Amino acid sequence: MDKNKTKAFIKQMQSVIALIIIFVVASFICVKDGRNRFLDIRNMMNVLRAVSENGIIAIGMTMILILGDIDLSVGSVVGLISTGCAYLMVHSGLGFVPAVVSSILIGGAFGFFNGMCITKLHLQAFIVTLATMNIARGIARFWANGIGIPLAYGNEPGMAPPAFEVLQMRLGGVVPVPAIIFIVLLLFFQLILSKTSFGRQLYAIGGNRQASYLAGINVDRIKVTAFVLCSMLASVAAMIHAAQISQGGPNEGIGYELNAVAACAIGGTSLAGGKGTMIGTLIGAIILGMLDNVLGLKGINSNLQLVVKGFLIIIAVFLQADKVKN
Amino acid sequence: MNEKLLEMKNISKSFGPVLALNDVSIDLYGGEVLALMGENGAGKSTLMNILSGSLQPTSGEIYLNNEKVVMSDPVKARELGIAKIHQELQIVPELNVAENIFLGRWAKKGAGVDFKTMMKESQKYLDMLEIKVKPGTKLKDLRIGDQQLVEIAKALSLNSRIIIMDEPTSAISEKEAERLFTIIRRLRSEGRGIIYITHRMEEIFKIADRLVVLRDGAYIGTVNAADTTKAEIIKMMVGRDMTEQYPKSPTEKGEMALEVKNLTYNAPEGSFRRSLKNISLGVRHGEVLGIAGLAGAGRSEFFECLAGVHHAECTGDVFVDGRKVTIKSPGDAIRAGISFATEDRKGTGLALQRSIGENMSLPLLKKFSTFGFMNTSMEKKEWATQFENLKIKAPSAKTLVSFLSGGNMQKVVLGRWLMTNPKILLLDEPTRGIDVGAKTEIYQLINNLAKAGMAIIVVSSELPEVIGISDRIVTFCEGRLTGEFLQAEATQEKLLQSATAAE
């Protein structure tokens, strides 16, 4: 049994080891003209900022994957909510707090719809969210007439409230605000997973749905809650995204669902359900972000970057998989 | 005696530092049924996996017809005439009987498949076994017993000389088992060799010629079935005397704990569940009520109805301690004092990837948490109580359930339900597939719980067991309650008769 523990520990640390390797390699290969462009604090913070959006979505995705489901609609929710919050601020004249709250509520309602279709209509999450992925994207484009809504900050009509600009600022000029939001949310949801009865129920349902049901757990309610939280988190990421590019665009967030799944998978969350941690997801998201950064610094063709990333995901998931049969 | 078909010589197998098999030798002759006996973890499955090519031995040799062979993989083993019929059947439910029999070697006709020939060929093998199944029927539409026979037909079509059967009767009714034995006897008379693994002692004397007993990966001995007794086999298996297999002692019967009146359940069409008609019964505090019946008699459905699984399709009244209760979900049942341990530990009982403790706490998350946050010290105390109470063999409550043996898994399930402190405990096949030692512990536990005033209903397919542990036994047949016996008057013959007495 001790050996199992050691093995499990090494397996857990696998992604950390990968993270360290990528970090060390990157530190060496990104030196140009005597300057280390990777280890530069500004660059590090850029990585962190870039990781935040995917990371926040991946927090929600981790919960969904633990349940043994999947949510493919999060990328479209990013498009919908980034458009929506921009519209609410610029065209409806909503202030910072009302705009943020409405955005999260719209996102939550969307997740509620996902959850209800899955539990009450007994449909597979894959199919439901594949459909709602199109629905969200369509609503976003219809809402904004297919074009982005630029954000200019100010107090006049047609301008976004200056408070929203906080989302693209850096604390003390160094630490990006999105990164702080990400870390706070991550710690909060890690606490939820490991210390609450909600977390226990997520793992139990993902581990054995029927057994959980027979143990008196309200499976439907937990599932719906998880989908609501997942879409809400995607909405938070959407607002950060809008602030970062100073625009709410209906075509933003394409492919984000897969980046989120990739971060979870690299971090050791099982797509079969019942297994996964937020810390793993954090490491997965950082590995992905660092890789993007290094490949960018090395000036590698962005299409080739996709290829490298794809292979990395296969390797990571292969290493995480339980190879011992029986 | 016939020719020697198989000899496995000095087989050892280690998984890392764990020695699963230690220098085991067995032989098998044509025209005999060799029973392989041993508790869980004795090495039966490992030995058979080596024979069927799914595992490679660390050392040792295999001889077929006195010729040394290497079972490099399952395909090789199949070509050499070894067929294995797994406990969990290896069938494709969406394909028909003929397609399953010839799976992987469908008859070709040009670029397509020659279904006509396959149908005809399959019919031949089905006829040989006198199975009344049509080659065109999809496997998912067959009962498990028939699916098994299709696998045997497949073994015939492969012309297998050696057939390994791993607990073939664990999921089928006694009637189907009898039919299976007839077929096994026929295979034997044709000169084939059969290796038969089972936990059911009664079957050994019905079907086996010789027995090989393994214990902790080591060979213990071989005996002729005709010259041995159940007690002797059990002694070989566990290495100690079993003074009393069913430690039943009289208990004080109290007030009526559970009363069920006219429970009727209409199974949805197309489901494989059995409908129930007007079931009425009662159990007192301190009483153990056994439910006997064939597989598919509706016993599990009865439990599921009491646990609130089929609320929408159920009618009838349920009283707990004289008070009428409405149970709409498993949660309602638990709150009413009814706890239900299902027959399928892995399928419907436990989240295998999670820890023992987490699995045990599942029904009590509310009790163990304040504002949604788990109160771990409270749980840990309860876990420790159950660990001690049930003698769960595991390093700690943090151990993952998937590392446990069947018997310990069952104890975790029981521990969970005992933690809910139920008035009425429903146990569906509580000793299925677990070793003799753990079985006795569970019997003892049932006894102690009854003594403490709990009302217990046990469904069991093993007649001696159900008689041994119950105060009173009712029989189910095709969704009806067909008989009731006190322990003193119950015999296997009477119960079986009553359980097959459908109108």
# chains A, B, ... in the order shown; residues from 1 in each chain; ligands from 1
>>> interface_residues(of="chain B", to="chain A", cutoff="7 Å", atoms="only C-alpha atoms", output="ChimeraX atom specification")
/B:330-331,348-353,362-363,365,369,372-374
>>> residues_around(residues="range 334-336 of chain B", least_positions_apart="6", cutoff="10 Å", atoms="only C-alpha atoms", output="ChimeraX atom specification")
/A:214-216 /B:307-308,319-321,323-327,363-364,417,420-425
>>> write_last_selection(atoms="N, CA and C atoms", output="short mmCIF file (atom, residue, chain, number, x, y, z; two decimals), in the first residue's frame")
data_model
loop_
_atom_site.label_atom_id
_atom_site.label_comp_id
_atom_site.auth_asym_id
_atom_site.auth_seq_id
_atom_site.Cartn_x
_atom_site.Cartn_y
_atom_site.Cartn_z
N LEU A 214 -28.37 6.51 -4.72
CA LEU A 214 -28.92 5.60 -3.71
C LEU A 214 -28.52 6.01 -2.30
N ALA A 215 -27.46 6.80 -2.19
CA ALA A 215 -27.06 7.28 -0.87
C ALA A 215 -27.80 8.55 -0.51
N GLY A 216 -28.81 8.89 -1.30
CA GLY A 216 -29.67 10.01 -0.95
C GLY A 216 -29.20 11.36 -1.47
N ALA B 307 -36.76 1.62 -1.21
CA ALA B 307 -35.76 2.68 -1.13
C ALA B 307 -36.15 3.91 -1.94
N GLY B 308 -37.32 3.87 -2.55
CA GLY B 308 -37.80 5.06 -3.24
C GLY B 308 -37.28 5.24 -4.65
N PHE B 319 -45.34 1.23 6.20
CA PHE B 319 -45.39 1.74 7.57
C PHE B 319 -44.07 1.46 8.27
N VAL B 320 -43.49 2.48 8.90
CA VAL B 320 -42.29 2.28 9.70
C VAL B 320 -42.67 2.57 11.14
N ASP B 321 -42.48 1.58 12.01
CA ASP B 321 -42.88 1.69 13.41
C ASP B 321 -44.34 2.12 13.53
N ARG B 323 -46.10 3.95 11.66
CA ARG B 323 -46.47 5.22 11.04
C ARG B 323 -46.32 5.13 9.53
N LYS B 324 -47.30 5.62 8.83
CA LYS B 324 -47.25 5.56 7.37
C LYS B 324 -46.18 6.54 6.85
N VAL B 325 -45.36 6.07 5.93
CA VAL B 325 -44.33 6.95 5.37
C VAL B 325 -44.50 7.05 3.86
N THR B 326 -44.15 8.20 3.33
CA THR B 326 -44.14 8.38 1.87
C THR B 326 -42.68 8.51 1.46
N ILE B 327 -42.24 7.62 0.62
CA ILE B 327 -40.84 7.61 0.22
C ILE B 327 -40.75 7.91 -1.27
N PRO B 363 -24.21 9.19 2.71
CA PRO B 363 -25.61 9.52 3.07
C PRO B 363 -25.69 10.55 4.20
N LEU B 364 -24.56 10.83 4.84
CA LEU B 364 -24.62 11.66 6.05
C LEU B 364 -23.90 12.99 5.90
N TRP B 417 -24.01 2.09 5.68
CA TRP B 417 -25.43 2.04 6.06
C TRP B 417 -25.63 1.93 7.56
N THR B 420 -25.79 5.27 9.20
CA THR B 420 -27.06 5.99 9.13
C THR B 420 -27.99 5.56 10.26
N ASN B 421 -27.56 4.56 11.03
CA ASN B 421 -28.33 4.10 12.17
C ASN B 421 -29.76 3.72 11.79
N PRO B 422 -29.90 2.79 10.85
CA PRO B 422 -31.24 2.52 10.33
C PRO B 422 -32.09 1.67 11.29
N LYS B 423 -33.40 1.78 11.13
CA LYS B 423 -34.31 0.89 11.85
C LYS B 423 -34.45 -0.41 11.07
N ILE B 424 -34.43 -0.24 9.73
CA ILE B 424 -34.60 -1.39 8.85
C ILE B 424 -33.44 -1.42 7.87
N LEU B 425 -32.78 -2.56 7.80
CA LEU B 425 -31.63 -2.69 6.90
C LEU B 425 -31.98 -3.70 5.81
#
>>> residues_around(residues="Arg49 in chain A", least_positions_apart="2", cutoff="7 Å", atoms="only C-alpha atoms", output="list in words")
Met45, Asn46, Val47, Val51, Ser52, Pro176, Pro178 and Ala179 of chain A
>>> write_last_selection(atoms="N, CA and C atoms", output="PDB file, in the first residue's frame")
ATOM      1  N   MET A  45       4.873  38.112 -15.658  1.00  0.00           N
ATOM      2  CA  MET A  45       3.552  38.626 -15.322  1.00  0.00           C
ATOM      3  C   MET A  45       2.607  38.539 -16.519  1.00  0.00           C
ATOM      4  N   ASN A  46       3.168  38.693 -17.707  1.00  0.00           N
ATOM      5  CA  ASN A  46       2.351  38.533 -18.915  1.00  0.00           C
ATOM      6  C   ASN A  46       1.828  37.101 -19.024  1.00  0.00           C
ATOM      7  N   VAL A  47       2.713  36.159 -18.697  1.00  0.00           N
ATOM      8  CA  VAL A  47       2.289  34.753 -18.720  1.00  0.00           C
ATOM      9  C   VAL A  47       1.122  34.573 -17.749  1.00  0.00           C
ATOM     10  N   VAL A  51      -2.573  33.423 -18.555  1.00  0.00           N
ATOM     11  CA  VAL A  51      -3.070  32.179 -17.968  1.00  0.00           C
ATOM     12  C   VAL A  51      -4.410  32.402 -17.265  1.00  0.00           C
ATOM     13  N   SER A  52      -4.601  33.590 -16.736  1.00  0.00           N
ATOM     14  CA  SER A  52      -5.766  33.840 -15.884  1.00  0.00           C
ATOM     15  C   SER A  52      -7.098  33.530 -16.553  1.00  0.00           C
ATOM     16  N   PRO A 176      -0.762  41.645 -12.449  1.00  0.00           N
ATOM     17  CA  PRO A 176      -2.020  41.908 -13.163  1.00  0.00           C
ATOM     18  C   PRO A 176      -3.227  41.563 -12.286  1.00  0.00           C
ATOM     19  N   PRO A 178      -6.200  40.512 -13.180  1.00  0.00           N
ATOM     20  CA  PRO A 178      -6.828  39.217 -13.510  1.00  0.00           C
ATOM     21  C   PRO A 178      -6.151  38.047 -12.802  1.00  0.00           C
ATOM     22  N   ALA A 179      -4.815  38.141 -12.670  1.00  0.00           N
ATOM     23  CA  ALA A 179      -4.099  37.044 -12.016  1.00  0.00           C
ATOM     24  C   ALA A 179      -4.533  36.919 -10.559  1.00  0.00           C
TER      25      ALA A 179
END
>>> atom_distance(atom1="CA of Leu288 in chain A", atom2="CA of Val224 in chain A")
28.9 Å
>>> residues_around(residues="Thr281 in chain A", least_positions_apart="3", cutoff="7 Å", atoms="only C-alpha atoms", output="ChimeraX atom specification")
/A:58,263-264,267,277-278,284-285
>>> write_last_selection(atoms="all heavy atoms", output="PDB file, in the first residue's frame")
ATOM      1  N   ALA A  58     -11.106  27.160 -16.611  1.00  0.00           N
ATOM      2  CA  ALA A  58     -10.734  25.779 -16.265  1.00  0.00           C
ATOM      3  C   ALA A  58     -11.168  25.402 -14.845  1.00  0.00           C
ATOM      4  O   ALA A  58     -11.389  24.227 -14.561  1.00  0.00           O
ATOM      5  CB  ALA A  58      -9.229  25.586 -16.429  1.00  0.00           C
ATOM      6  N   ALA A 263      -6.135  22.159 -19.985  1.00  0.00           N
ATOM      7  CA  ALA A 263      -5.503  22.512 -18.709  1.00  0.00           C
ATOM      8  C   ALA A 263      -5.886  21.511 -17.629  1.00  0.00           C
ATOM      9  O   ALA A 263      -5.040  21.048 -16.861  1.00  0.00           O
ATOM     10  CB  ALA A 263      -5.918  23.925 -18.291  1.00  0.00           C
ATOM     11  N   CYS A 264      -7.162  21.157 -17.580  1.00  0.00           N
ATOM     12  CA  CYS A 264      -7.629  20.182 -16.582  1.00  0.00           C
ATOM     13  C   CYS A 264      -6.956  18.832 -16.790  1.00  0.00           C
ATOM     14  O   CYS A 264      -6.467  18.212 -15.842  1.00  0.00           O
ATOM     15  CB  CYS A 264      -9.143  19.987 -16.680  1.00  0.00           C
ATOM     16  SG  CYS A 264     -10.079  21.474 -16.363  1.00  0.00           S
ATOM     17  N   GLY A 267      -3.474  18.698 -15.848  1.00  0.00           N
ATOM     18  CA  GLY A 267      -3.397  18.754 -14.385  1.00  0.00           C
ATOM     19  C   GLY A 267      -3.907  17.507 -13.690  1.00  0.00           C
ATOM     20  O   GLY A 267      -4.006  17.477 -12.466  1.00  0.00           O
ATOM     21  N   THR A 277      -8.114  17.977  -9.190  1.00  0.00           N
ATOM     22  CA  THR A 277      -7.925  19.010  -8.175  1.00  0.00           C
ATOM     23  C   THR A 277      -7.738  20.357  -8.864  1.00  0.00           C
ATOM     24  O   THR A 277      -7.373  20.425 -10.026  1.00  0.00           O
ATOM     25  CB  THR A 277      -6.666  18.764  -7.316  1.00  0.00           C
ATOM     26  OG1 THR A 277      -5.536  18.778  -8.187  1.00  0.00           O
ATOM     27  CG2 THR A 277      -6.733  17.453  -6.574  1.00  0.00           C
ATOM     28  N   MET A 278      -7.986  21.422  -8.118  1.00  0.00           N
ATOM     29  CA  MET A 278      -7.790  22.757  -8.648  1.00  0.00           C
ATOM     30  C   MET A 278      -6.309  23.069  -8.812  1.00  0.00           C
ATOM     31  O   MET A 278      -5.903  23.751  -9.745  1.00  0.00           O
ATOM     32  CB  MET A 278      -8.419  23.796  -7.716  1.00  0.00           C
ATOM     33  CG  MET A 278      -9.933  23.772  -7.721  1.00  0.00           C
ATOM     34  SD  MET A 278     -10.571  24.102  -9.373  1.00  0.00           S
ATOM     35  CE  MET A 278     -12.297  23.718  -9.115  1.00  0.00           C
ATOM     36  N   GLY A 284      -1.678  22.865 -14.887  1.00  0.00           N
ATOM     37  CA  GLY A 284      -1.984  22.627 -16.290  1.00  0.00           C
ATOM     38  C   GLY A 284      -2.103  23.936 -17.058  1.00  0.00           C
ATOM     39  O   GLY A 284      -1.567  24.074 -18.160  1.00  0.00           O
ATOM     40  N   ALA A 285      -2.799  24.894 -16.470  1.00  0.00           N
ATOM     41  CA  ALA A 285      -2.998  26.176 -17.145  1.00  0.00           C
ATOM     42  C   ALA A 285      -1.668  26.903 -17.302  1.00  0.00           C
ATOM     43  O   ALA A 285      -1.390  27.496 -18.351  1.00  0.00           O
ATOM     44  CB  ALA A 285      -3.980  27.031 -16.350  1.00  0.00           C
TER      45      ALA A 285
END
>>> residues_around(residues="range 98-109 of chain B", least_positions_apart="2", cutoff="8 Å", atoms="only C-alpha atoms", output="number ranges by chain")
B: 91-92, 95-96, 111-115, 117-119, 122, 135-136, 139, 150-151, 153-154, 157
>>> select_by_dssp(residues="range 150-314 of chain B", states="strand (DSSP E or B)", output="ChimeraX atom specification")
/B:162-166,193-197,210-215,218-224,256-265,276-284,288-293,314
>>> residues_around(residues="Ile118 in chain A", least_positions_apart="6", cutoff="12 Å", atoms="only C-alpha atoms", output="PyMOL selection string")
chain A and resi 69-71+111-112+124-132+219-227
>>> residues_around(residues="Arg42 in chain A", least_positions_apart="6", cutoff="12 Å", atoms="only C-alpha atoms", output="ChimeraX atom specification")
/A:36,48-49,170,173-176
>>> atom_distance(atom1="CA of Ala438 in chain B", atom2="CA of Gly407 in chain B")
5.6 Å
>>> select_by_dssp(residues="range 15-240 of chain A", states="helix (DSSP H, G or I)", output="count of residues only")
167
>>> decode(residues="range 72-88 of chain A", atoms="N, CA, C and O atoms", output="compact mmCIF listing (two decimals), in the first residue's frame")
# COMPACT_ATOMS: atom_id res chain seq x y z
N LEU A 72 -18.96 22.24 -23.30
CA LEU A 72 -18.33 22.78 -24.50
C LEU A 72 -18.78 24.20 -24.78
O LEU A 72 -18.30 24.83 -25.71
N SER A 73 -19.72 24.72 -23.99
CA SER A 73 -20.30 26.02 -24.31
C SER A 73 -19.52 27.18 -23.71
O SER A 73 -19.82 28.34 -24.00
N VAL A 74 -18.49 26.92 -22.88
CA VAL A 74 -17.84 28.02 -22.16
C VAL A 74 -17.19 29.05 -23.09
O VAL A 74 -17.23 30.25 -22.80
N GLY A 75 -16.60 28.58 -24.20
CA GLY A 75 -15.98 29.53 -25.13
C GLY A 75 -17.01 30.49 -25.70
O GLY A 75 -16.79 31.70 -25.78
N SER A 76 -18.17 29.96 -26.06
CA SER A 76 -19.24 30.81 -26.60
C SER A 76 -19.79 31.73 -25.52
O SER A 76 -20.20 32.85 -25.81
N VAL A 77 -19.81 31.24 -24.27
CA VAL A 77 -20.26 32.10 -23.17
C VAL A 77 -19.30 33.29 -23.03
O VAL A 77 -19.73 34.42 -22.77
N VAL A 78 -18.00 33.04 -23.24
CA VAL A 78 -17.04 34.15 -23.23
C VAL A 78 -17.43 35.18 -24.29
O VAL A 78 -17.46 36.39 -24.03
N GLY A 79 -17.75 34.70 -25.49
CA GLY A 79 -18.18 35.62 -26.55
C GLY A 79 -19.45 36.35 -26.16
O GLY A 79 -19.55 37.57 -26.30
N LEU A 80 -20.41 35.60 -25.64
CA LEU A 80 -21.72 36.19 -25.29
C LEU A 80 -21.58 37.24 -24.19
O LEU A 80 -22.11 38.35 -24.30
N ILE A 81 -20.85 36.89 -23.14
CA ILE A 81 -20.78 37.81 -21.99
C ILE A 81 -19.85 38.98 -22.26
O ILE A 81 -20.09 40.10 -21.80
N SER A 82 -18.78 38.77 -23.03
CA SER A 82 -17.91 39.92 -23.32
C SER A 82 -18.71 40.92 -24.16
O SER A 82 -18.64 42.13 -23.95
N THR A 83 -19.51 40.41 -25.09
CA THR A 83 -20.39 41.29 -25.87
C THR A 83 -21.42 41.92 -24.95
O THR A 83 -21.65 43.14 -24.98
N GLY A 84 -22.04 41.05 -24.13
CA GLY A 84 -23.13 41.50 -23.27
C GLY A 84 -22.70 42.59 -22.31
O GLY A 84 -23.36 43.62 -22.17
N CYS A 85 -21.57 42.40 -21.62
CA CYS A 85 -21.19 43.39 -20.62
C CYS A 85 -20.80 44.70 -21.30
O CYS A 85 -21.11 45.79 -20.79
N ALA A 86 -20.17 44.59 -22.48
CA ALA A 86 -19.83 45.81 -23.22
C ALA A 86 -21.11 46.54 -23.63
O ALA A 86 -21.24 47.76 -23.48
N TYR A 87 -22.08 45.78 -24.11
CA TYR A 87 -23.34 46.38 -24.54
C TYR A 87 -24.04 47.07 -23.37
O TYR A 87 -24.50 48.20 -23.48
N LEU A 88 -24.09 46.34 -22.23
CA LEU A 88 -24.78 46.88 -21.06
C LEU A 88 -24.13 48.18 -20.59
O LEU A 88 -24.81 49.11 -20.17
